[in-house]
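Dumped my_file.tsv below, it's TSV, C-alpha atoms and all ligand atoms:
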```
chain	number	residue	atom	x	y	z
M	724	MET	CA	-8.86	22.13	-10.09
M	725	ARG	CA	-6.99	19.56	-12.19
M	726	PHE	CA	-7.96	15.89	-12.20
M	727	ALA	CA	-6.83	12.59	-13.67
M	728	ILE	CA	-8.60	9.24	-13.87
M	729	THR	CA	-6.96	5.82	-13.77
M	730	THR	CA	-8.96	2.70	-14.56
M	731	LYS	CA	-8.68	-1.05	-14.28
M	732	GLY	CA	-9.10	-1.17	-18.07
M	733	ASP	CA	-12.28	-3.28	-18.26
M	734	SER	CA	-15.25	-1.95	-20.22
M	735	LYS	CA	-17.34	-1.09	-17.13
M	736	SER	CA	-14.52	0.96	-15.59
M	737	ASN	CA	-13.69	2.63	-18.92
M	738	THR	CA	-17.32	3.62	-19.53
M	739	LEU	CA	-17.46	5.17	-16.06
M	740	MET	CA	-14.17	6.97	-16.72
M	741	HIS	CA	-15.55	8.62	-19.88
M	742	LYS	CA	-18.73	9.66	-18.03
M	743	MET	CA	-16.85	11.12	-15.06
M	744	ARG	CA	-14.37	12.92	-17.29
M	745	THR	CA	-17.21	14.58	-19.26
M	746	TYR	CA	-19.18	15.50	-16.10
M	747	LEU	CA	-16.10	16.97	-14.38
M	748	GLN	CA	-15.15	18.96	-17.49
M	749	ASP	CA	-18.76	20.26	-17.61
M	750	PHE	CA	-17.98	21.73	-14.16
M	751	ASP	CA	-14.87	23.41	-15.66
M	752	LEU	CA	-12.40	21.07	-14.00
M	753	ILE	CA	-9.28	20.50	-16.12
M	754	TYR	CA	-8.15	17.02	-17.15
M	755	ASP	CA	-4.40	16.83	-16.47
M	756	GLU	CA	-2.70	13.44	-16.40
M	757	ASP	CA	0.67	14.87	-15.37
M	758	LYS	CA	-0.10	17.24	-12.53
M	759	PRO	CA	-3.53	16.40	-11.08
M	760	ASP	CA	-4.77	17.78	-7.77
M	761	ILE	CA	-7.07	14.79	-7.49
M	762	VAL	CA	-6.78	11.29	-8.97
M	763	ILE	CA	-9.92	9.23	-9.36
M	764	SER	CA	-9.20	5.52	-9.49
M	765	ILE	CA	-11.93	3.36	-11.05
M	766	GLY	CA	-11.71	-0.42	-10.58
M	767	GLY	CA	-10.59	-1.88	-7.27
M	768	ASP	CA	-7.93	-1.60	-4.59
M	769	GLY	CA	-5.41	-2.97	-7.11
M	770	THR	CA	-6.22	-0.05	-9.44
M	771	LEU	CA	-5.55	2.43	-6.65
M	772	LEU	CA	-2.18	0.75	-5.99
M	773	TYR	CA	-1.23	1.44	-9.63
M	774	ALA	CA	-2.48	5.04	-9.33
M	775	PHE	CA	-0.45	5.52	-6.14
M	776	HIS	CA	2.77	4.36	-7.81
M	777	ARG	CA	2.11	6.44	-10.89
M	778	TYR	CA	1.74	9.63	-8.83
M	779	SER	CA	4.07	8.76	-5.93
M	780	SER	CA	6.39	11.66	-6.80
M	781	ARG	CA	3.67	14.22	-6.02
M	782	LEU	CA	1.97	12.82	-2.92
M	783	ASP	CA	1.98	16.19	-1.16
M	784	LYS	CA	0.02	17.75	-4.04
M	785	THR	CA	-2.34	14.98	-5.12
M	786	ALA	CA	-5.30	13.43	-3.32
M	787	PHE	CA	-6.85	10.09	-4.28
M	788	VAL	CA	-10.40	8.80	-4.37
M	789	GLY	CA	-11.49	5.30	-5.41
M	790	VAL	CA	-14.63	4.03	-7.16
M	791	HIS	CA	-15.10	0.25	-7.22
M	792	THR	CA	-16.58	-1.55	-10.18
M	793	GLY	CA	-16.29	-4.95	-8.47
M	794	HIS	CA	-16.53	-5.58	-4.74
M	795	LEU	CA	-16.16	-3.01	-1.94
M	796	GLY	CA	-12.52	-2.02	-1.55
M	797	PHE	CA	-10.47	-0.49	1.22
M	798	TYR	CA	-9.21	2.24	-1.08
M	799	ALA	CA	-12.15	2.13	-3.50
M	800	ASP	CA	-15.36	2.71	-1.58
M	801	TRP	CA	-17.61	4.66	-3.98
M	802	VAL	CA	-20.03	2.66	-6.15
M	803	PRO	CA	-20.76	3.43	-9.84
M	804	GLU	CA	-24.34	4.51	-9.00
M	805	GLU	CA	-22.90	7.34	-6.89
M	806	ILE	CA	-20.68	8.98	-9.50
M	807	GLU	CA	-22.98	11.98	-10.13
M	808	LYS	CA	-22.92	12.64	-6.37
M	809	LEU	CA	-19.15	12.22	-6.32
M	810	VAL	CA	-18.65	14.56	-9.31
M	811	ILE	CA	-20.74	17.29	-7.64
M	812	ALA	CA	-18.84	16.79	-4.38
M	813	ILE	CA	-15.47	17.07	-6.18
M	814	ALA	CA	-16.57	20.10	-8.21
M	815	LYS	CA	-18.33	22.06	-5.46
M	816	THR	CA	-16.84	21.22	-2.11
M	817	PRO	CA	-13.42	22.04	-0.73
M	818	PHE	CA	-12.77	18.45	0.23
M	819	GLN	CA	-11.43	17.10	3.48
M	820	VAL	CA	-8.20	15.14	3.26
M	821	ILE	CA	-7.27	12.16	5.41
M	822	GLU	CA	-3.73	10.86	5.46
M	823	TYR	CA	-2.59	7.24	5.78
M	824	PRO	CA	0.94	6.08	6.63
M	825	LEU	CA	3.24	4.53	4.01
M	826	LEU	CA	6.13	2.08	4.25
M	827	GLU	CA	9.66	3.14	3.28
M	828	VAL	CA	11.93	0.38	1.97
M	829	ILE	CA	15.65	1.02	1.46
M	830	ILE	CA	17.74	-1.71	-0.18
M	831	ARG	CA	21.53	-1.42	0.13
M	832	TYR	CA	24.01	-3.48	-1.87
M	833	GLN	CA	27.30	-5.25	-1.09
M	834	ASN	CA	29.43	-3.14	-3.40
M	835	GLY	CA	29.65	0.58	-2.81
M	836	GLY	CA	27.17	2.96	-1.28
M	837	ARG	CA	24.42	2.41	-3.84
M	838	GLU	CA	20.89	2.10	-2.44
M	839	THR	CA	17.37	2.05	-3.81
M	840	ARG	CA	14.37	3.51	-2.02
M	841	TYR	CA	10.72	2.57	-2.48
M	842	LEU	CA	7.41	3.59	-0.97
M	843	ALA	CA	4.68	0.97	-0.50
M	844	LEU	CA	1.01	1.61	0.12
M	845	ASN	CA	0.18	-1.99	1.12
M	846	GLU	CA	3.34	-3.90	1.86
M	847	SER	CA	6.74	-5.18	0.87
M	848	THR	CA	7.60	-8.87	0.95
M	849	VAL	CA	11.01	-10.53	0.83
M	850	LYS	CA	11.49	-14.06	-0.46
M	851	SER	CA	14.48	-16.09	-1.45
M	852	VAL	CA	15.05	-16.64	-5.16
M	853	GLU	CA	16.10	-20.19	-4.38
M	854	GLY	CA	15.60	-22.29	-1.24
M	855	THR	CA	14.68	-21.15	2.24
M	856	LEU	CA	14.92	-17.45	3.09
M	857	VAL	CA	17.50	-16.95	5.84
M	858	MET	CA	17.72	-13.42	7.22
M	859	ASP	CA	18.96	-11.84	10.42
M	860	VAL	CA	16.25	-9.52	11.70
M	861	GLU	CA	17.36	-6.38	13.54
M	862	ILE	CA	15.00	-4.05	15.32
M	863	ARG	CA	16.25	-0.61	16.30
M	864	GLY	CA	19.82	-1.71	15.54
M	865	GLN	CA	19.66	-4.75	17.86
M	866	HIS	CA	19.72	-8.36	16.67
M	867	PHE	CA	16.24	-9.82	17.21
M	868	GLU	CA	16.21	-13.24	15.54
M	869	ARG	CA	17.52	-15.31	12.66
M	870	PHE	CA	14.51	-16.00	10.40
M	871	ARG	CA	14.29	-19.16	8.32
M	872	GLY	CA	11.20	-19.78	6.25
M	873	ASP	CA	9.32	-18.84	3.11
M	874	GLY	CA	9.51	-15.08	3.53
M	875	LEU	CA	8.72	-11.94	5.50
M	876	CYS	CA	6.01	-9.37	4.90
M	877	VAL	CA	6.14	-5.79	6.18
M	878	SER	CA	2.86	-3.95	5.80
M	879	THR	CA	1.32	-0.54	6.36
M	880	PRO	CA	-1.84	-0.14	8.47
M	881	SER	CA	-4.02	0.19	5.34
M	882	GLY	CA	-2.21	-2.79	3.81
M	883	SER	CA	-2.88	-4.84	6.94
M	884	THR	CA	-6.17	-6.02	5.41
M	885	ALA	CA	-4.36	-7.39	2.32
M	886	TYR	CA	-1.49	-9.94	2.21
M	887	ASN	CA	-0.73	-9.37	5.91
M	888	LYS	CA	-4.20	-10.57	6.89
M	889	ALA	CA	-3.73	-13.79	4.93
M	890	LEU	CA	-0.55	-14.36	6.98
M	891	GLY	CA	-2.43	-14.06	10.27
M	892	GLY	CA	-1.36	-10.46	10.92
M	893	ALA	CA	-3.50	-8.01	12.87
M	894	ILE	CA	-5.68	-5.39	11.24
M	895	ILE	CA	-4.29	-1.98	12.21
M	896	HIS	CA	-6.25	1.25	12.12
M	897	PRO	CA	-4.62	3.63	9.58
M	898	SER	CA	-4.50	6.44	12.13
M	899	LEU	CA	-1.64	4.55	13.84
M	900	PRO	CA	1.68	5.41	12.17
M	901	SER	CA	3.21	1.94	12.30
M	902	ILE	CA	4.46	-1.03	10.28
M	903	GLN	CA	3.80	-4.72	10.85
M	904	LEU	CA	6.26	-7.56	10.30
M	905	ALA	CA	4.59	-10.92	9.60
M	906	GLU	CA	6.20	-14.28	8.96
M	907	MET	CA	5.55	-16.60	6.05
M	908	ALA	CA	5.89	-20.21	7.18
M	909	SER	CA	8.87	-19.89	9.53
M	910	ILE	CA	10.86	-22.99	10.41
M	911	ASN	CA	10.53	-23.59	14.16
M	912	ASN	CA	11.99	-26.63	15.86
M	913	ARG	CA	14.62	-27.47	18.51
M	914	VAL	CA	17.32	-25.79	16.44
M	915	PHE	CA	15.67	-22.84	14.72
M	916	ARG	CA	13.60	-20.22	16.56
M	917	THR	CA	11.55	-17.22	15.50
M	918	VAL	CA	9.09	-15.24	17.60
M	919	GLY	CA	6.18	-16.66	15.59
M	920	SER	CA	3.90	-13.66	16.18
M	921	PRO	CA	3.46	-10.59	13.96
M	922	LEU	CA	5.30	-7.55	15.35
M	923	ILE	CA	3.95	-4.01	15.18
M	924	LEU	CA	6.57	-1.26	15.20
M	925	PRO	CA	5.95	2.44	15.89
M	926	ASP	CA	7.20	5.16	13.57
M	927	HIS	CA	10.48	5.75	15.43
M	928	HIS	CA	11.58	2.10	15.11
M	929	THR	CA	13.44	0.61	12.14
M	930	CYS	CA	13.47	-3.01	11.06
M	931	MET	CA	16.49	-4.23	9.11
M	932	LEU	CA	16.97	-7.57	7.33
M	933	LYS	CA	20.53	-8.79	6.74
M	934	PRO	CA	21.32	-11.78	4.49
M	935	VAL	CA	23.03	-14.75	6.07
M	936	ASN	CA	23.94	-16.98	3.12
M	937	ARG	CA	22.45	-16.13	-0.28
M	938	LEU	CA	22.47	-12.49	-1.42
M	939	ASP	CA	19.76	-12.45	-4.12
M	940	PHE	CA	16.15	-11.79	-3.17
M	941	GLN	CA	12.74	-11.37	-4.69
M	942	VAL	CA	11.28	-8.21	-3.19
M	943	THR	CA	7.72	-7.07	-3.79
M	944	ILE	CA	6.53	-3.51	-3.41
M	945	ASP	CA	2.72	-3.75	-3.54
M	946	HIS	CA	1.95	-5.31	-6.95
M	947	LEU	CA	5.54	-4.94	-8.26
M	948	THR	CA	8.00	-7.84	-8.04
M	949	LEU	CA	11.71	-7.02	-8.33
M	950	LEU	CA	14.84	-9.15	-8.23
M	951	HIS	CA	17.67	-7.63	-6.15
M	952	LYS	CA	21.19	-9.07	-6.36
M	953	ASP	CA	24.15	-8.67	-3.97
M	954	VAL	CA	21.98	-7.30	-1.20
M	955	LYS	CA	23.65	-6.06	1.97
M	956	SER	CA	20.51	-5.05	3.87
M	957	ILE	CA	16.82	-4.21	3.49
M	958	GLN	CA	15.52	-1.53	5.81
M	959	PHE	CA	11.88	-0.83	6.66
M	960	ARG	CA	10.32	2.06	8.54
M	961	VAL	CA	7.28	4.30	8.47
M	962	ALA	CA	7.87	6.77	5.61
M	963	ASP	CA	7.90	10.52	6.12
M	964	GLU	CA	5.49	10.79	3.18
M	965	LYS	CA	1.81	9.93	3.50
M	966	ILE	CA	-0.91	9.16	1.00
M	967	ARG	CA	-3.76	11.70	0.99
M	968	PHE	CA	-7.33	10.55	0.36
M	969	ALA	CA	-10.05	13.03	-0.59
M	970	ARG	CA	-12.92	12.40	1.76
M	971	PHE	CA	-16.46	13.54	0.96
M	972	ARG	CA	-18.43	11.51	3.49
M	973	PRO	CA	-17.62	9.46	6.56
M	974	PHE	CA	-16.90	5.78	5.96
M	975	PRO	CA	-15.27	4.55	9.15
M	976	PHE	CA	-12.42	2.05	8.72
M	977	TRP	CA	-14.00	-0.55	11.03
M	978	LYS	CA	-17.22	-0.40	9.02
M	979	ARG	CA	-15.18	-1.09	5.87
M	980	VAL	CA	-13.54	-4.04	7.65
M	981	HIS	CA	-16.96	-5.31	8.72
M	982	ASP	CA	-18.54	-4.86	5.30
M	983	SER	CA	-15.57	-6.46	3.52
M	984	PHE	CA	-14.98	-9.47	5.72
M	985	ILE	CA	-18.11	-10.11	7.78
M	986	SER	CA	-21.20	-9.02	5.88
M	987	ASP	CA	-22.29	-6.05	3.82
M	988	SER	CA	-25.96	-6.35	4.79
M	989	ASP	CA	-26.94	-4.41	7.87
H	1	LIG	P1	-4.15	-9.33	-7.23
H	1	LIG	O1	-3.51	-10.65	-6.89
H	1	LIG	O2	-4.79	-9.16	-8.55
H	1	LIG	O3	-5.24	-8.94	-6.11
H	1	LIG	C1	-5.04	-9.11	-4.77
H	1	LIG	C2	-6.35	-8.85	-3.99
H	1	LIG	O4	-6.00	-8.03	-2.88
H	1	LIG	C3	-7.46	-8.14	-4.76
H	1	LIG	O5	-8.69	-8.72	-4.43
H	1	LIG	C4	-7.36	-6.72	-4.21
H	1	LIG	O6	-8.59	-6.03	-4.23
H	1	LIG	C5	-6.96	-6.99	-2.78
H	1	LIG	N1	-6.36	-5.86	-2.08
H	1	LIG	C6	-5.43	-4.98	-2.52
H	1	LIG	N2	-5.14	-4.10	-1.55
H	1	LIG	C7	-5.93	-4.41	-0.50
H	1	LIG	C8	-6.10	-3.86	0.80
H	1	LIG	N3	-5.36	-2.82	1.21
H	1	LIG	N4	-6.98	-4.45	1.65
H	1	LIG	C9	-7.69	-5.52	1.27
H	1	LIG	N5	-7.58	-6.09	0.05
H	1	LIG	C10	-6.71	-5.54	-0.82
H	1	LIG	O7	-3.01	-8.22	-7.05
H	1	LIG	P2	-3.08	-6.65	-7.20
H	1	LIG	O8	-4.46	-6.20	-7.50
H	1	LIG	O9	-1.95	-6.24	-8.09
H	1	LIG	O10	-2.74	-6.25	-5.70
H	1	LIG	C11	-1.49	-6.47	-5.14
H	1	LIG	C12	-1.74	-6.84	-3.70
H	1	LIG	O11	-2.16	-8.20	-3.66
H	1	LIG	C13	-0.52	-6.82	-2.82
H	1	LIG	O12	-0.26	-5.53	-2.34
H	1	LIG	C14	-0.91	-7.80	-1.73
H	1	LIG	O13	-1.45	-7.15	-0.61
H	1	LIG	C15	-2.01	-8.64	-2.34
H	1	LIG	N6	-1.63	-10.05	-2.27
H	1	LIG	C16	-2.31	-10.84	-1.41
H	1	LIG	C17	-1.95	-12.17	-1.24
H	1	LIG	C18	-2.73	-13.00	-0.29
H	1	LIG	O14	-3.70	-12.50	0.29
H	1	LIG	N7	-2.32	-14.24	-0.07
H	1	LIG	C19	-0.90	-12.71	-1.97
H	1	LIG	C20	-0.21	-11.86	-2.84
H	1	LIG	C21	-0.57	-10.52	-2.97
H	1	LIG	P3	-9.33	-5.54	-5.58
H	1	LIG	O15	-9.97	-6.77	-6.15
H	1	LIG	O16	-10.32	-4.53	-5.08
H	1	LIG	O17	-8.28	-4.95	-6.49
```

What do you get writing this file as structure tokens?
Ligand code: NAP
Amino acid sequence: MRFAITTKGDSKSNTLMHKMRTYLQDFDLIYDEDKPDIVISIGGDGTLLYAFHRYSSRLDKTAFVGVHTGHLGFYADWVPEEIEKLVIAIAKTPFQVIEYPLLEVIIRYQNGGRETRYLALNESTVKSVEGTLVMDVEIRGQHFERFRGDGLCVSTPSGSTAYNKALGGAIIHPSLPSIQLAEMASINNRVFRTVGSPLILPDHHTCMLKPVNRLDFQVTIDHLTLLHKDVKSIQFRVADEKIRFARFRPFPFWKRVHDSFISDSD
């Protein structure tokens, strides 16, 4: 089996990386940064986001596992004290894989048929470069509302505990193939109306944003921020691709939610 390790870059994570690399090579696993079967991310959830984007072209062939060197993460749930156990599990066991849904974002432009496509593990946000964001929101090809406010956030189920949660969105179990649209400070008064609640769409529904006045937008895809000019539409749906996590022990999602947000002492 071929493996790669990505780290946050701090000395604790780097020391662990060297240890794990040596241990795994002692078990005759091959270090291969280009075509790994398994990617071990050492750091936090942010580190796993980087690893995901680095290997997003081979999601069907690569599984991910996360070790956290800070606080418990949603994608990074192994602790440094467990790495010997994790190494043995990776080396000896045919591991179980669990799949989580991803978000597909397609941006189309005013001139010509050019489009760009992205996959997000957590979410994509859309904000205006200047002034209030004004966007027509379509769901399944039907006009839903004209949004005015700071921005819109479309998240995956596993990203629902990140930015989406700070916006008052619901936490969605990653076994539900869905996306969630959450508002950022919408303008609501006698003239302007938005639904005001986060919306959860199933995998056969598409959400499309269409500019009303300005055409330039700041779009984030997880940790990446990109400026898009002359935008015609931004389309969101559940991607056909999924991220695969190597699972060596049960760690139920609701326990992770409890331990992350309520208390980690049982
Ligand atoms: P960052 O600003 O350095 O860190 C954002 C925080 O979000 C970190 O504590 C990170 O955990 C945590 N996080 C990432 N994915 C998560 C998930 N699925 N569930 C719960 N927490 C999660 O940025 P970054 O490390 O490059 O991560 C980019 C992410 O930041 C974006 O995808 C977005 O979700 C999040 N963000 C949140 C807000 C907000 O809550 N107001 C605003 C902007 C962006 P670790 O410490 O374990 O890495």

Need the shell around Lys888 in chain M: protein/DNA/RNA residues with any atom at most 10 Å away, counting all atoms listed in the file. Skip same-chain ones fewer than 5 positions apart. Format as JSON, numbers by chain?
{"M": [878, 882, 883, 893, 894, 905]}

Proximity check chain M to ligand LIG 1 (chain H), 8 Å, nearest pairs one decimal Å, all atoms listed in the file, as JSON lines:
```
{"residue": "M:Gly766", "atom": "CA", "partner": "H:LIG1", "partner_atom": "O17", "distance": 7.0}
{"residue": "M:Gly767", "atom": "CA", "partner": "H:LIG1", "partner_atom": "O16", "distance": 3.4}
{"residue": "M:Asp768", "atom": "CA", "partner": "H:LIG1", "partner_atom": "O16", "distance": 3.8}
{"residue": "M:Gly769", "atom": "CA", "partner": "H:LIG1", "partner_atom": "O8", "distance": 3.4}
{"residue": "M:Thr770", "atom": "CA", "partner": "H:LIG1", "partner_atom": "O17", "distance": 6.1}
{"residue": "M:Leu771", "atom": "CA", "partner": "H:LIG1", "partner_atom": "O17", "distance": 7.9}
{"residue": "M:Leu772", "atom": "CA", "partner": "H:LIG1", "partner_atom": "O10", "distance": 7.0}
{"residue": "M:Tyr773", "atom": "CA", "partner": "H:LIG1", "partner_atom": "O9", "distance": 7.9}
{"residue": "M:His791", "atom": "CA", "partner": "H:LIG1", "partner_atom": "O16", "distance": 7.1}
{"residue": "M:Gly793", "atom": "CA", "partner": "H:LIG1", "partner_atom": "O16", "distance": 6.9}
{"residue": "M:His794", "atom": "CA", "partner": "H:LIG1", "partner_atom": "O16", "distance": 6.3}
{"residue": "M:Leu795", "atom": "CA", "partner": "H:LIG1", "partner_atom": "O16", "distance": 6.8}
{"residue": "M:Gly796", "atom": "CA", "partner": "H:LIG1", "partner_atom": "O16", "distance": 4.9}
{"residue": "M:Phe797", "atom": "CA", "partner": "H:LIG1", "partner_atom": "N4", "distance": 5.3}
{"residue": "M:Tyr798", "atom": "CA", "partner": "H:LIG1", "partner_atom": "N3", "distance": 6.8}
{"residue": "M:Ala799", "atom": "CA", "partner": "H:LIG1", "partner_atom": "O16", "distance": 7.1}
{"residue": "M:Leu844", "atom": "CA", "partner": "H:LIG1", "partner_atom": "O12", "distance": 7.7}
{"residue": "M:Asn845", "atom": "CA", "partner": "H:LIG1", "partner_atom": "O12", "distance": 5.0}
{"residue": "M:Glu846", "atom": "CA", "partner": "H:LIG1", "partner_atom": "O12", "distance": 5.8}
{"residue": "M:Ser847", "atom": "CA", "partner": "H:LIG1", "partner_atom": "O12", "distance": 7.7}
{"residue": "M:Ser881", "atom": "CA", "partner": "H:LIG1", "partner_atom": "N3", "distance": 5.3}
{"residue": "M:Gly882", "atom": "CA", "partner": "H:LIG1", "partner_atom": "N3", "distance": 4.1}
{"residue": "M:Ser883", "atom": "CA", "partner": "H:LIG1", "partner_atom": "N3", "distance": 6.6}
{"residue": "M:Thr884", "atom": "CA", "partner": "H:LIG1", "partner_atom": "N4", "distance": 4.2}
{"residue": "M:Ala885", "atom": "CA", "partner": "H:LIG1", "partner_atom": "C9", "distance": 4.0}
{"residue": "M:Tyr886", "atom": "CA", "partner": "H:LIG1", "partner_atom": "C16", "distance": 3.8}
{"residue": "M:Asn887", "atom": "CA", "partner": "H:LIG1", "partner_atom": "O13", "distance": 6.9}
{"residue": "M:Lys888", "atom": "CA", "partner": "H:LIG1", "partner_atom": "O14", "distance": 6.9}
{"residue": "M:Ala889", "atom": "CA", "partner": "H:LIG1", "partner_atom": "O14", "distance": 4.8}
{"residue": "M:Leu890", "atom": "CA", "partner": "H:LIG1", "partner_atom": "N7", "distance": 7.3}
{"residue": "M:Ile944", "atom": "CA", "partner": "H:LIG1", "partner_atom": "O12", "distance": 7.2}
{"residue": "M:Asp945", "atom": "CA", "partner": "H:LIG1", "partner_atom": "O12", "distance": 3.7}
{"residue": "M:His946", "atom": "CA", "partner": "H:LIG1", "partner_atom": "C11", "distance": 4.1}
{"residue": "M:Leu947", "atom": "CA", "partner": "H:LIG1", "partner_atom": "O9", "distance": 7.6}
```

List the spatial neighbours of Arg781 in chain M as a ChimeraX atom specification - criterion: any atom at most 12 Å away, all atoms listed in the file, same-chain residues fewer than 6 positions off excluded.
/M:757-762,774-775,787,964-967

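For the residues M:Asp749, M:Glu861, M:Glu853, M:Asp755, ranking by smallest atom-to-atom distance to Thr729 in chain M using only C-alpha atoms places M:Asp755 first.
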
Any idea what's packed within 8 Å of range 818-827 of chain M, counting only C-alpha atoms, ignoring anything in its chain fewer than 6 positions away? Could you give it as a ChimeraX atom specification?
/M:786,812,840-846,878-881,897-902,958-971

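Distance annotation: of M:Tyr778, M:Met724, M:Ser986, M:Asn936, the residue with the minimal separation from Leu752 in chain M is M:Met724; atom set is all atoms listed in the file.
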